[in-house]
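Trainee: Input structure: query_36.cif, which contains mmCIF, C-alpha atoms.
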data_structure
#
loop_
_atom_site.label_atom_id
_atom_site.label_comp_id
_atom_site.auth_asym_id
_atom_site.auth_seq_id
_atom_site.Cartn_x
_atom_site.Cartn_y
_atom_site.Cartn_z
CA MET A 15 17.88 -6.27 19.34
CA VAL A 16 16.36 -3.80 21.72
CA ASN A 17 18.20 -3.17 24.93
CA GLU A 18 16.48 -1.61 27.90
CA SER A 19 18.78 1.40 27.49
CA LYS A 20 17.63 2.34 24.00
CA GLU A 21 13.93 1.93 24.36
CA LYS A 22 13.11 4.24 21.50
CA LYS A 23 14.48 3.71 18.05
CA LYS A 24 13.40 4.43 14.51
CA VAL A 25 12.69 1.37 12.43
CA MET A 26 11.74 0.38 8.90
CA PRO A 27 9.56 -2.53 7.81
CA GLY A 28 11.31 -5.86 8.13
CA GLU A 29 13.81 -4.79 10.74
CA LYS A 30 14.50 -7.20 13.52
CA LEU A 31 13.27 -5.95 16.88
CA ALA A 32 13.66 -8.92 19.18
CA VAL A 33 13.29 -12.65 19.40
CA ILE A 34 10.07 -14.19 20.62
CA GLU A 35 11.68 -15.30 23.90
CA GLU A 36 12.32 -11.67 24.82
CA TYR A 37 9.07 -9.91 24.01
CA ASN A 38 5.59 -10.37 22.58
CA LYS A 39 4.64 -8.78 19.30
CA GLY A 40 2.61 -5.61 19.66
CA ARG A 41 1.03 -3.13 17.26
CA GLY A 42 3.09 -2.50 14.14
CA SER A 43 5.17 -5.64 14.48
CA TYR A 44 4.91 -9.22 13.41
CA GLN A 45 6.49 -12.51 14.25
CA GLN A 46 8.11 -14.85 11.80
CA ASN A 47 10.29 -17.86 12.59
CA GLY A 48 10.63 -16.75 16.19
CA ILE A 49 11.81 -13.26 15.29
CA ILE A 50 9.78 -10.12 15.88
CA ARG A 51 10.09 -7.62 13.07
CA ALA A 52 8.68 -4.17 12.44
CA SER A 53 5.93 -3.82 9.85
CA GLU A 54 5.80 -0.02 9.77
CA VAL A 55 8.06 2.99 9.51
CA GLY A 56 8.06 4.32 13.01
CA GLU A 57 9.40 4.30 16.52
CA ALA A 58 9.87 1.02 18.34
CA LYS A 59 8.76 1.09 21.96
CA ILE A 60 8.58 -1.48 24.68
CA ASN A 61 5.25 -1.91 26.36
CA GLN A 62 6.34 -3.12 29.78
CA GLU A 63 2.80 -3.97 30.81
CA LYS A 64 2.31 -6.46 28.00
CA ARG A 65 6.01 -7.25 27.61
CA ALA A 66 5.51 -6.40 23.97
CA ILE A 67 7.34 -4.42 21.35
CA GLU A 68 5.19 -1.89 19.53
CA VAL A 69 5.98 0.32 16.57
CA VAL A 70 4.31 3.72 16.69
CA LYS A 71 3.93 4.47 13.03
CA TYR A 72 4.94 7.71 11.34
CA THR A 73 2.92 6.94 8.25
CA LYS A 74 -0.77 7.74 8.01
CA GLU A 75 -3.32 5.64 9.89
CA LEU A 76 -5.47 3.45 7.69
CA ILE A 77 -9.18 4.18 7.88
CA LEU A 78 -10.83 0.80 8.18
CA PRO A 79 -14.37 -0.15 9.13
CA GLU A 80 -14.22 -1.79 12.54
CA GLU A 81 -16.92 -2.98 14.86
CA GLY A 82 -18.12 -0.36 17.31
CA LEU A 83 -17.11 2.69 15.27
CA ASP A 84 -19.61 5.43 14.51
CA VAL A 85 -20.23 6.12 10.85
CA ILE A 86 -22.07 8.66 8.75
CA ALA A 87 -23.77 7.29 5.68
CA GLU A 88 -25.98 8.30 2.82
CA THR A 89 -29.11 6.21 2.40
CA GLY A 90 -29.59 4.47 -0.90
CA SER A 91 -32.51 2.16 -1.51
CA VAL A 92 -34.92 1.55 1.37
CA THR A 93 -37.37 -1.29 1.70
CA ARG A 94 -39.66 -2.25 4.57
CA ARG A 95 -37.03 -4.67 5.78
CA ASP A 96 -33.64 -3.13 5.16
CA ALA A 97 -31.78 -0.19 3.70
CA ARG A 98 -28.59 -0.03 1.67
CA VAL A 99 -26.32 2.83 2.61
CA ASP A 100 -23.03 4.29 1.42
CA ILE A 101 -20.69 4.96 4.31
CA ILE A 102 -19.00 8.31 3.74
CA LYS A 103 -17.39 8.85 7.11
CA ILE A 104 -15.85 6.37 9.53
CA ASP A 105 -14.98 7.61 12.98
CA LYS A 106 -15.16 11.26 11.85
CA LYS A 107 -12.79 10.65 8.93
CA LEU A 108 -14.02 11.06 5.37
CA ILE A 109 -13.49 8.12 3.07
CA ASP A 110 -13.50 8.01 -0.68
CA PRO A 111 -14.63 5.74 -2.31
CA THR A 112 -17.41 4.75 0.05
CA TYR A 113 -18.01 1.44 1.77
CA SER A 114 -21.43 -0.09 1.30
CA GLY A 115 -23.43 -1.01 4.34
CA VAL A 116 -26.79 -2.42 5.24
CA LEU A 117 -29.22 -1.43 7.96
CA HIS A 118 -31.80 -3.98 8.99
CA VAL A 119 -35.20 -3.03 10.39
CA ASN A 120 -34.34 -4.78 13.66
CA GLU A 121 -31.55 -2.28 14.15
CA VAL A 122 -33.74 0.83 14.37
CA ASN A 123 -35.63 2.05 17.40
CA ARG A 124 -38.71 0.12 18.45
CA GLU A 125 -41.33 2.58 17.22
CA PHE A 126 -40.19 2.06 13.62
CA SER A 127 -39.62 -1.66 13.80
CA ARG A 128 -42.70 -2.57 11.74
CA ASN A 129 -41.54 -0.73 8.66
CA LEU A 130 -38.10 0.69 7.97
CA GLU A 131 -39.53 3.13 5.44
CA MET A 132 -40.96 5.05 8.36
CA ALA A 133 -37.51 5.50 9.95
CA LEU A 134 -35.55 6.77 6.98
CA ARG A 135 -35.89 7.52 3.29
CA THR A 136 -33.62 7.58 0.27
CA GLY A 137 -31.14 10.44 0.37
CA ASP A 138 -31.10 10.86 4.14
CA ILE A 139 -27.79 11.28 5.90
CA ILE A 140 -27.73 8.98 8.89
CA LYS A 141 -25.49 8.33 11.84
CA ALA A 142 -25.07 4.67 12.80
CA LYS A 143 -22.74 2.23 14.47
CA ILE A 144 -20.90 -0.64 12.85
CA ILE A 145 -21.99 -3.92 14.40
CA ASN A 146 -20.49 -6.46 12.03
CA THR A 147 -17.84 -6.37 9.32
CA LYS A 148 -17.56 -10.08 8.68
CA ASN A 149 -19.99 -10.14 5.76
CA ARG A 150 -19.97 -8.64 2.30
CA LEU A 151 -21.93 -5.62 3.45
CA ILE A 152 -21.03 -3.79 6.60
CA GLN A 153 -23.91 -4.23 9.03
CA LEU A 154 -25.01 -1.09 10.84
CA SER A 155 -27.19 -0.32 13.81
CA MET A 156 -29.23 2.79 14.63
CA LEU A 157 -30.37 1.64 18.06
CA GLY A 158 -29.90 4.42 20.58
CA GLN A 159 -30.74 8.08 20.96
CA GLU A 160 -27.56 9.43 19.38
CA TYR A 161 -28.09 7.47 16.16
CA GLY A 162 -30.62 8.18 13.45
CA VAL A 163 -31.21 10.63 10.64
CA LEU A 164 -28.98 13.71 10.68
CA TYR A 165 -30.27 15.42 7.55
CA ALA A 166 -33.40 14.65 5.56
CA TYR A 167 -34.93 16.06 2.41
CA CYS A 168 -38.56 17.06 2.01
CA ALA A 169 -40.24 14.44 -0.18
CA ARG A 170 -42.30 17.11 -1.95
CA CYS A 171 -39.93 20.02 -2.62
CA GLY A 172 -36.47 18.72 -1.74
CA THR A 173 -35.43 21.32 0.82
CA ILE A 174 -33.71 20.13 3.98
CA LEU A 175 -36.19 19.49 6.76
CA GLN A 176 -35.89 21.34 10.04
CA ASN A 177 -36.33 19.74 13.43
CA ASP A 178 -39.24 21.45 15.17
CA HIS A 179 -39.47 19.82 18.60
CA GLY A 180 -39.28 16.29 17.25
CA ARG A 181 -41.34 17.00 14.11
CA LEU A 182 -39.45 17.36 10.84
CA THR A 183 -41.02 20.24 9.00
CA CYS A 184 -40.25 21.75 5.65
CA THR A 185 -39.74 25.50 5.83
CA LYS A 186 -40.81 25.93 2.22
CA CYS A 187 -43.97 23.84 1.86
CA ASN A 188 -44.82 23.14 5.52
CA ARG A 189 -44.84 19.39 4.97
CA VAL A 190 -44.31 17.34 8.12
CA GLU A 191 -42.38 14.06 7.88
CA ARG A 192 -41.49 11.30 10.25
CA ARG A 193 -38.02 9.80 10.77
CA GLN A 194 -35.93 8.29 13.47
CA ILE A 195 -34.26 11.55 14.39
CA ALA A 196 -30.78 11.53 15.84
CA ARG A 197 -30.17 13.59 18.94
CA ASN A 198 -28.20 16.25 17.11
CA TYR A 199 -30.28 16.43 13.94
CA GLY A 200 -29.09 19.19 11.65
CA LYS A 201 -26.13 20.05 13.85
CA GLU A 202 -23.52 17.49 12.88
CA GLU A 203 -20.95 18.53 10.32
CA ILE A 204 -20.70 16.16 7.41
CA VAL A 205 -17.79 17.49 5.36
CA MET B 25 28.56 -2.25 -27.82
CA SER B 26 30.85 -3.07 -24.96
CA LYS B 27 34.51 -2.87 -25.81
CA ARG B 28 37.94 -3.82 -24.61
CA THR B 29 40.31 -0.97 -23.93
CA SER B 30 43.67 -2.01 -25.21
CA LYS B 31 45.84 -0.62 -22.41
CA LYS B 32 44.15 -1.90 -19.30
CA LYS B 33 42.52 -4.88 -20.93
CA GLN B 34 39.57 -3.86 -18.84
CA TRP B 35 36.10 -4.56 -20.04
CA ILE B 36 33.78 -1.58 -19.82
CA ARG B 37 30.08 -1.41 -20.49
CA VAL B 38 28.50 0.74 -23.12
CA ASP B 39 27.73 3.53 -20.65
CA GLY B 40 31.07 3.25 -18.90
CA ARG B 41 29.85 1.34 -15.88
CA GLN B 42 31.55 -1.54 -14.11
CA TYR B 43 29.92 -4.94 -14.51
CA ASN B 44 28.33 -4.72 -11.04
CA GLU B 45 27.57 -1.01 -10.97
CA LEU B 46 24.00 0.22 -10.81
CA ARG B 47 22.74 3.22 -12.67
CA GLU B 48 22.11 6.34 -10.63
CA VAL B 49 18.96 5.71 -8.59
CA LYS B 50 16.88 8.45 -7.10
CA ILE B 51 13.69 7.72 -5.14
CA GLU B 52 11.28 10.20 -3.64
CA SER B 53 8.21 9.23 -1.68
CA GLY B 54 4.97 11.12 -1.13
CA VAL B 55 4.93 12.95 -4.45
CA LEU B 56 1.21 12.64 -5.20
CA PRO B 57 -1.05 14.49 -2.76
CA ASN B 58 -4.22 12.75 -3.94
CA ALA B 59 -2.92 9.21 -3.55
CA ASP B 60 -2.74 7.47 -0.18
CA GLY B 61 0.89 6.68 -0.85
CA SER B 62 3.19 7.47 -3.72
CA ALA B 63 6.74 7.30 -4.98
CA TYR B 64 8.81 8.58 -7.86
CA ILE B 65 11.88 6.76 -9.06
CA GLU B 66 14.61 7.70 -11.48
CA MET B 67 16.79 4.77 -12.38
CA GLY B 68 19.17 5.90 -15.04
CA ARG B 69 16.88 7.39 -17.65
CA ASN B 70 13.82 5.55 -16.37
CA LYS B 71 11.29 7.90 -14.85
CA ILE B 72 8.44 6.20 -13.09
CA ILE B 73 5.67 7.46 -10.86
CA CYS B 74 3.62 5.20 -8.64
CA GLY B 75 0.46 5.77 -6.61
CA VAL B 76 -1.11 3.46 -4.04
CA PHE B 77 -4.71 3.54 -2.80
CA GLY B 78 -6.36 1.53 -0.11
CA PRO B 79 -7.17 -0.73 1.52
CA ARG B 80 -10.56 0.19 0.20
CA GLU B 81 -13.77 -1.54 -0.84
CA MET B 82 -13.21 -3.86 -3.76
CA HIS B 83 -14.92 -2.91 -6.96
CA PRO B 84 -16.40 -4.92 -8.69
CA LYS B 85 -17.50 -6.64 -5.51
CA HIS B 86 -17.60 -10.15 -6.93
CA MET B 87 -13.83 -10.02 -7.45
CA ALA B 88 -13.25 -9.52 -3.72
CA LYS B 89 -11.79 -12.43 -1.81
CA PRO B 90 -13.54 -13.32 1.45
CA ASN B 91 -10.31 -14.18 3.24
CA GLU B 92 -7.84 -11.58 2.07
CA ALA B 93 -7.31 -8.34 0.20
CA VAL B 94 -6.69 -8.25 -3.51
CA LEU B 95 -3.58 -6.47 -4.68
CA LYS B 96 -4.56 -4.75 -7.90
CA CYS B 97 -1.70 -3.50 -10.03
CA ARG B 98 -1.62 -1.48 -13.17
CA TYR B 99 1.57 -1.04 -15.12
CA HIS B 100 1.21 1.48 -17.87
CA MET B 101 3.67 3.09 -20.23
CA ALA B 102 2.89 6.60 -21.31
CA PRO B 103 2.71 7.08 -25.09
CA PHE B 104 5.69 9.43 -24.88
CA SER B 105 7.79 7.11 -22.73
CA VAL B 106 9.54 5.51 -25.70
CA ASP B 107 10.54 6.43 -29.21
CA PRO B 108 8.59 5.86 -31.46
CA ARG B 109 5.30 6.65 -29.75
CA ARG B 110 3.65 3.72 -28.09
CA SER B 111 -0.05 2.98 -28.08
CA PRO B 112 -1.52 3.75 -24.67
CA ALA B 113 -3.72 0.65 -24.79
CA PRO B 114 -2.64 -2.15 -22.45
CA SER B 115 -0.51 -4.61 -24.37
CA ARG B 116 0.39 -8.23 -23.69
CA ARG B 117 3.66 -7.04 -22.18
CA ASP B 118 1.84 -4.59 -19.86
CA GLN B 119 -0.38 -7.39 -18.66
CA GLU B 120 2.59 -9.59 -17.93
CA ILE B 121 4.46 -6.92 -16.00
CA THR B 122 1.30 -6.09 -14.07
CA MET B 123 1.08 -9.73 -13.01
CA VAL B 124 4.77 -9.98 -12.26
CA MET B 125 4.63 -6.88 -10.06
CA ARG B 126 1.71 -8.32 -8.17
CA PHE B 127 3.55 -11.58 -7.58
CA ALA B 128 6.65 -9.72 -6.45
CA LEU B 129 4.81 -7.50 -3.97
CA GLU B 130 2.17 -9.89 -2.60
CA PRO B 131 4.54 -11.75 -0.24
CA ALA B 132 5.48 -8.47 1.44
CA VAL B 133 1.96 -7.25 2.21
CA PHE B 134 -0.29 -8.54 5.00
CA LEU B 135 -3.20 -9.19 2.66
CA GLU B 136 -4.97 -11.45 5.15
CA ARG B 137 -5.54 -8.48 7.46
CA TYR B 138 -7.91 -6.77 5.03
CA PRO B 139 -10.48 -9.28 3.78
CA ARG B 140 -12.82 -8.19 0.98
CA SER B 141 -10.71 -5.09 0.31
CA SER B 142 -8.45 -4.09 -2.50
CA ILE B 143 -5.10 -2.36 -2.47
CA ASP B 144 -4.54 -0.60 -5.76
CA ILE B 145 -1.13 0.15 -7.20
CA TYR B 146 -0.89 2.34 -10.27
CA VAL B 147 2.46 2.57 -12.01
CA GLU B 148 3.00 4.99 -14.84
CA ILE B 149 6.17 4.87 -16.90
CA LEU B 150 6.99 8.41 -17.91
CA GLU B 151 10.27 7.55 -19.58
CA ALA B 152 11.58 4.06 -20.25
CA ASP B 153 15.19 2.98 -20.50
CA GLY B 154 15.30 -0.73 -19.81
CA GLY B 155 14.53 -2.48 -16.55
CA THR B 156 11.22 -0.75 -15.97
CA ARG B 157 9.72 -3.78 -14.25
CA CYS B 158 12.41 -3.72 -11.59
CA ALA B 159 12.18 0.03 -11.17
CA SER B 160 8.39 -0.23 -10.91
CA ILE B 161 8.64 -2.79 -8.11
CA ASN B 162 11.13 -0.56 -6.27
CA ALA B 163 8.82 2.44 -6.54
CA ALA B 164 5.70 0.46 -5.66
CA SER B 165 7.14 -0.97 -2.46
CA VAL B 166 8.15 2.51 -1.27
CA ALA B 167 4.67 3.79 -2.17
CA LEU B 168 3.02 0.94 -0.24
CA VAL B 169 4.97 1.82 2.89
CA ASP B 170 4.16 5.50 2.35
CA ALA B 171 0.45 4.60 2.24
CA GLY B 172 0.74 3.27 5.79
CA ILE B 173 0.15 -0.30 4.73
CA PRO B 174 1.92 -2.78 7.03
CA MET B 175 4.69 -4.57 5.17
CA LYS B 176 6.82 -7.57 6.04
CA ASP B 177 9.75 -5.96 4.29
CA LEU B 178 10.56 -3.60 1.47
CA VAL B 179 10.88 -5.26 -1.91
CA SER B 180 13.88 -4.34 -4.01
CA ALA B 181 14.37 -5.48 -7.56
CA CYS B 182 17.34 -5.58 -9.88
CA ALA B 183 18.13 -7.26 -13.17
CA VAL B 184 21.24 -9.11 -14.24
CA GLY B 185 22.00 -9.79 -17.89
CA LYS B 186 24.55 -11.41 -20.10
CA ILE B 187 26.33 -9.59 -22.86
CA ASP B 188 29.56 -10.69 -24.60
CA ASP B 189 29.38 -13.78 -22.34
CA ARG B 190 29.77 -11.56 -19.31
CA LEU B 191 27.28 -10.93 -16.52
CA ILE B 192 26.26 -7.35 -15.91
CA VAL B 193 24.00 -5.77 -13.31
CA ASP B 194 21.11 -3.37 -13.98
CA LEU B 195 20.75 -3.46 -17.74
CA GLY B 196 20.09 -0.35 -19.72
CA ASP B 197 17.87 -0.31 -22.75
CA TYR B 198 20.70 -1.05 -25.20
CA GLU B 199 22.14 -3.87 -23.13
CA ASP B 200 18.67 -5.30 -22.69
CA LYS B 201 18.05 -5.42 -26.43
CA LYS B 202 21.50 -6.52 -27.63
CA GLY B 203 22.32 -8.83 -24.74
CA GLN B 204 22.10 -12.59 -24.70
CA SER B 205 20.08 -12.94 -21.54
CA ASP B 206 18.15 -11.03 -18.90
CA LEU B 207 17.29 -12.09 -15.36
CA PRO B 208 15.13 -9.75 -13.27
CA LEU B 209 14.97 -10.56 -9.58
CA ALA B 210 12.99 -9.09 -6.69
CA TYR B 211 14.21 -9.61 -3.18
CA MET B 212 13.22 -8.85 0.39
CA PRO B 213 16.60 -7.91 1.91
CA LYS B 214 15.76 -8.25 5.60
CA LEU B 215 13.91 -11.52 5.24
CA GLU B 216 16.41 -12.69 2.62
CA LYS B 217 13.70 -14.01 0.37
CA VAL B 218 13.40 -13.87 -3.39
CA THR B 219 9.91 -12.86 -4.47
CA LEU B 220 10.41 -12.77 -8.23
CA LEU B 221 12.77 -14.52 -10.58
CA GLN B 222 12.36 -14.36 -14.32
CA MET B 223 14.74 -15.08 -17.12
CA ASP B 224 14.84 -14.86 -20.84
CA GLY B 225 17.65 -15.74 -23.22
CA ILE B 226 20.18 -18.42 -22.47
CA MET B 227 22.49 -18.77 -19.48
CA LYS B 228 24.54 -21.63 -18.14
CA THR B 229 23.64 -23.09 -14.76
CA GLU B 230 26.74 -21.60 -13.14
CA GLU B 231 25.97 -18.27 -14.74
CA VAL B 232 22.46 -18.30 -13.32
CA GLU B 233 23.83 -18.94 -9.85
CA GLU B 234 26.33 -16.13 -10.25
CA ALA B 235 23.65 -13.87 -11.71
CA ILE B 236 21.36 -14.41 -8.73
CA LYS B 237 24.19 -13.46 -6.39
CA LEU B 238 24.91 -10.31 -8.38
CA ALA B 239 21.21 -9.41 -8.51
CA ILE B 240 20.85 -9.81 -4.76
CA ASP B 241 23.85 -7.52 -4.24
CA GLY B 242 22.20 -4.98 -6.53
CA CYS B 243 18.91 -5.29 -4.62
CA LYS B 244 20.71 -4.59 -1.35
CA GLN B 245 22.15 -1.40 -2.80
CA ILE B 246 18.71 -0.33 -3.99
CA TYR B 247 17.24 -1.19 -0.58
CA GLU B 248 19.50 1.39 1.05
CA ILE B 249 18.25 4.03 -1.41
CA GLN B 250 14.64 3.06 -0.70
CA ARG B 251 15.29 3.42 3.01
CA GLU B 252 16.87 6.83 2.48
CA ALA B 253 13.77 7.95 0.57
CA LEU B 254 11.49 6.91 3.42
CA LYS B 255 13.77 8.41 6.03
CA LYS B 256 13.74 11.69 4.14
CA LYS B 257 9.94 11.68 3.90
CA TYR B 258 9.39 10.94 7.58
CA GLY B 259 12.22 13.14 8.82
CA ILE B 260 14.21 10.38 10.40
CA ASP B 261 17.69 11.51 11.26
CA LYS B 262 20.28 9.10 9.96
CA THR B 263 22.23 9.19 13.19
CA LYS B 264 19.17 8.26 15.19
CA MET B 265 18.52 5.14 13.15
CA GLU B 266 19.60 2.08 14.96
CA GLU B 267 22.46 0.29 13.27
CA ASP B 268 20.45 -2.77 12.52
CA THR B 269 22.80 -4.68 10.30
CA PRO B 270 26.31 -3.35 10.69
CA ASP B 271 27.71 -6.53 9.16
CA GLU B 272 25.78 -5.90 5.96
CA ASP B 273 27.01 -2.33 5.66
CA ASP B 274 30.56 -3.41 6.36
CA ALA B 275 30.38 -6.11 3.74
CA GLY B 276 29.20 -3.57 1.18
CA ASP B 277 32.10 -1.26 1.99
CA THR B 278 34.77 -3.91 1.76
CA THR B 279 33.63 -5.14 -1.63
CA GLU B 280 33.79 -1.61 -2.94
CA VAL B 281 37.33 -1.22 -1.66
CA THR B 282 38.52 -4.42 -3.27
CA GLU B 283 37.18 -3.31 -6.61
CA GLN B 284 39.09 -0.08 -6.48
#
Represent the supplied structure as structure tokens.

Mentor:
Amino acid sequence: MVNESKEKKKVMPGEKLAVIEEYNKGRGSYQQNGIIRASEVGEAKINQEKRAIEVVKYTKELILPEEGLDVIAETGSVTRRDARVDIIKIDKKLIDPTYSGVLHVNEVNREFSRNLEMALRTGDIIKAKIINTKNRLIQLSMLGQEYGVLYAYCARCGTILQNDHGRLTCTKCNRVERRQIARNYGKEEIV
Amino acid sequence: MSKRTSKKKQWIRVDGRQYNELREVKIESGVLPNADGSAYIEMGRNKIICGVFGPREMHPKHMAKPNEAVLKCRYHMAPFSVDPRRSPAPSRRDQEITMVMRFALEPAVFLERYPRSSIDIYVEILEADGGTRCASINAASVALVDAGIPMKDLVSACAVGKIDDRLIVDLGDYEDKKGQSDLPLAYMPKLEKVTLLQMDGIMKTEEVEEAIKLAIDGCKQIYEIQREALKKKYGIDKTKMEEDTPDEDDAGDTTEVTEQ
């Protein structure tokens, strides 16, 4: 059991930290039969504010899709209504294999809300926000200035389009395309 | 075969061990840089490597469970792990051990925290010398912790067998094949829960009870080695570890003394 004197101690999964009458369970701990036990390898600490015991883990943090996190994804198939995307980066951390997500037309900026094909095309790298993880596909949103297409290919020649004052132009064939452009188009590092 | 030495009338096992003595166990965690978590175990002449991935998106998606993660295991023996060469194709035995490993590890993992995901455990037997299912469970539980997956407890496994009407702990290949019975057991030492109990051959009821006790003692010894492996990986000084269960350690010491 944790005394106030030894607030920090190294623990292994399953080790008894306290009984439920003493503290609440915090991150990295769980409660079973009235006993709080560690669930990680790490350092047990007492959170006086919450009266909880937490274990700060030494092992690597899991990268999980959670609501509100920013993601970077590669667009797969696009229809007028929705787009399937492969999430390649969650909260700036690369993941492999990818998670699959879906972007509905209601979740893009108003000017594109009649047809999603106007906002993004297959192969585009987009930045979006996770709005729901409770379904089979992770639901994403591109509402907001910071979200949108980060990199796009020219539909005619395949070179990466350049942002020329809000118009995406191809440097090779001078084609102009329309997307929902993210604020830092072409500037965000992907890998 | 086991023999009686005439002078001491003491019964010794084929490899010179005491009836309740484990083989030399060596565990190392974090051996595979490309896996999320990994472990390597040497248990006698068994050499087993284990990699853990996840939680990650389940593939194929229709196998995903909406309420919890799926623990996918793969137990595989390398063709060169036994003599004569073994076919690398998954056999009936491989399938069984895969299932048994899953059953042994599932109670220790918080699967309900990761719905629609899969946690993948790949176990490769590089060299086999009896008791690979227990050694695989030992390696896999260390690898799961190494992957940062929250665990209720480590899972330790140990087998007890019967040979010459005597119970012995941690069977080697020879004892496994020539013995009368074999009882592998997986155990969560801190929660004091058995997660796997199998048996083949014949044992009396009293013998089974005794065997379970012996197996649990063996599991506790292996648990300490698993802890050491994790402590070594994460640079935890032994002196800084809190003495969580001094009574357990003491009990282990006293039994050793009485044997001597």

Trainee: Region 38-48 of chain A: which residues within 9 Å, counting only C-alpha atoms, same-chain residues fewer than 3 positions away excluded, as a PyMOL selection string?

Mentor: (chain A and resi 27-28+31-35+51-56+58+60-61+64-71) or (chain B and resi 174+176)

Trainee: Between CA of Ala142 (chain A) and CA of Val99 (chain A), what is the distance, to one decimal in Å?

Mentor: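 Spanning CA of Ala142 (chain A) to CA of Val99 (chain A) is a straight-line distance of 10.4 Å.
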
Trainee: What do you get, as a short mmCIF file (atom, residue, chain, number, x, y, z; two decimals) with C-alpha atoms, in the frame of the given file, if you spell out every residue that the PyMOL selection byres ((chain B) within 7 of (chain A)) selects here?

Mentor:
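expr00.cif, written as the output of this step:
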data_model
loop_
_atom_site.label_atom_id
_atom_site.label_comp_id
_atom_site.auth_asym_id
_atom_site.auth_seq_id
_atom_site.Cartn_x
_atom_site.Cartn_y
_atom_site.Cartn_z
CA GLU B 81 -13.77 -1.54 -0.84
CA ASP B 170 4.16 5.50 2.35
CA ALA B 171 0.45 4.60 2.24
CA GLY B 172 0.74 3.27 5.79
CA PRO B 174 1.92 -2.78 7.03
CA MET B 175 4.69 -4.57 5.17
CA LYS B 176 6.82 -7.57 6.04
CA ASP B 177 9.75 -5.96 4.29
CA LEU B 178 10.56 -3.60 1.47
CA LYS B 214 15.76 -8.25 5.60
CA LEU B 215 13.91 -11.52 5.24
CA TYR B 258 9.39 10.94 7.58
CA LYS B 264 19.17 8.26 15.19
CA MET B 265 18.52 5.14 13.15
CA GLU B 266 19.60 2.08 14.96
#

Trainee: Do a neighbour search on region 34-47 of chain B at 12 Å with only C-alpha atoms, toss out local chain neighbours closer than 5 positions, and write the hits as a ChimeraX atom specification.

Mentor: /B:25-29,65-70,153-155,159,181-200,202-203,234-235,237-246,249,279-280,283-284

Trainee: List, as a PyMOL selection string, every residue that the PyMOL selection byres ((chain B and resi 130) around 12) selects in the file provided.

Mentor: chain B and resi 92-97+123-129+131-136+143-145+161+164-165+168+174-179+210+212+218-220

Trainee: Create the file for the chosen residues now, containing C-alpha atoms and written as a PDB file, keeping the file's coordinate frame.

Mentor:
ATOM      1  CA  GLU B  92      -7.840 -11.580   2.070  1.00  0.00           C
ATOM      2  CA  ALA B  93      -7.310  -8.340   0.200  1.00  0.00           C
ATOM      3  CA  VAL B  94      -6.690  -8.250  -3.510  1.00  0.00           C
ATOM      4  CA  LEU B  95      -3.580  -6.470  -4.680  1.00  0.00           C
ATOM      5  CA  LYS B  96      -4.560  -4.750  -7.900  1.00  0.00           C
ATOM      6  CA  CYS B  97      -1.700  -3.500 -10.030  1.00  0.00           C
ATOM      7  CA  MET B 123       1.080  -9.730 -13.010  1.00  0.00           C
ATOM      8  CA  VAL B 124       4.770  -9.980 -12.260  1.00  0.00           C
ATOM      9  CA  MET B 125       4.630  -6.880 -10.060  1.00  0.00           C
ATOM     10  CA  ARG B 126       1.710  -8.320  -8.170  1.00  0.00           C
ATOM     11  CA  PHE B 127       3.550 -11.580  -7.580  1.00  0.00           C
ATOM     12  CA  ALA B 128       6.650  -9.720  -6.450  1.00  0.00           C
ATOM     13  CA  LEU B 129       4.810  -7.500  -3.970  1.00  0.00           C
ATOM     14  CA  PRO B 131       4.540 -11.750  -0.240  1.00  0.00           C
ATOM     15  CA  ALA B 132       5.480  -8.470   1.440  1.00  0.00           C
ATOM     16  CA  VAL B 133       1.960  -7.250   2.210  1.00  0.00           C
ATOM     17  CA  PHE B 134      -0.290  -8.540   5.000  1.00  0.00           C
ATOM     18  CA  LEU B 135      -3.200  -9.190   2.660  1.00  0.00           C
ATOM     19  CA  GLU B 136      -4.970 -11.450   5.150  1.00  0.00           C
ATOM     20  CA  ILE B 143      -5.100  -2.360  -2.470  1.00  0.00           C
ATOM     21  CA  ASP B 144      -4.540  -0.600  -5.760  1.00  0.00           C
ATOM     22  CA  ILE B 145      -1.130   0.150  -7.200  1.00  0.00           C
ATOM     23  CA  ILE B 161       8.640  -2.790  -8.110  1.00  0.00           C
ATOM     24  CA  ALA B 164       5.700   0.460  -5.660  1.00  0.00           C
ATOM     25  CA  SER B 165       7.140  -0.970  -2.460  1.00  0.00           C
ATOM     26  CA  LEU B 168       3.020   0.940  -0.240  1.00  0.00           C
ATOM     27  CA  PRO B 174       1.920  -2.780   7.030  1.00  0.00           C
ATOM     28  CA  MET B 175       4.690  -4.570   5.170  1.00  0.00           C
ATOM     29  CA  LYS B 176       6.820  -7.570   6.040  1.00  0.00           C
ATOM     30  CA  ASP B 177       9.750  -5.960   4.290  1.00  0.00           C
ATOM     31  CA  LEU B 178      10.560  -3.600   1.470  1.00  0.00           C
ATOM     32  CA  VAL B 179      10.880  -5.260  -1.910  1.00  0.00           C
ATOM     33  CA  ALA B 210      12.990  -9.090  -6.690  1.00  0.00           C
ATOM     34  CA  MET B 212      13.220  -8.850   0.390  1.00  0.00           C
ATOM     35  CA  VAL B 218      13.400 -13.870  -3.390  1.00  0.00           C
ATOM     36  CA  THR B 219       9.910 -12.860  -4.470  1.00  0.00           C
ATOM     37  CA  LEU B 220      10.410 -12.770  -8.230  1.00  0.00           C
TER      38      LEU B 220
END

Trainee: Return as a count of residues only the set of residues that the PyMOL selection byres ((chain A and resi 89) around 12) yields on the displayed structure.

Mentor: 37
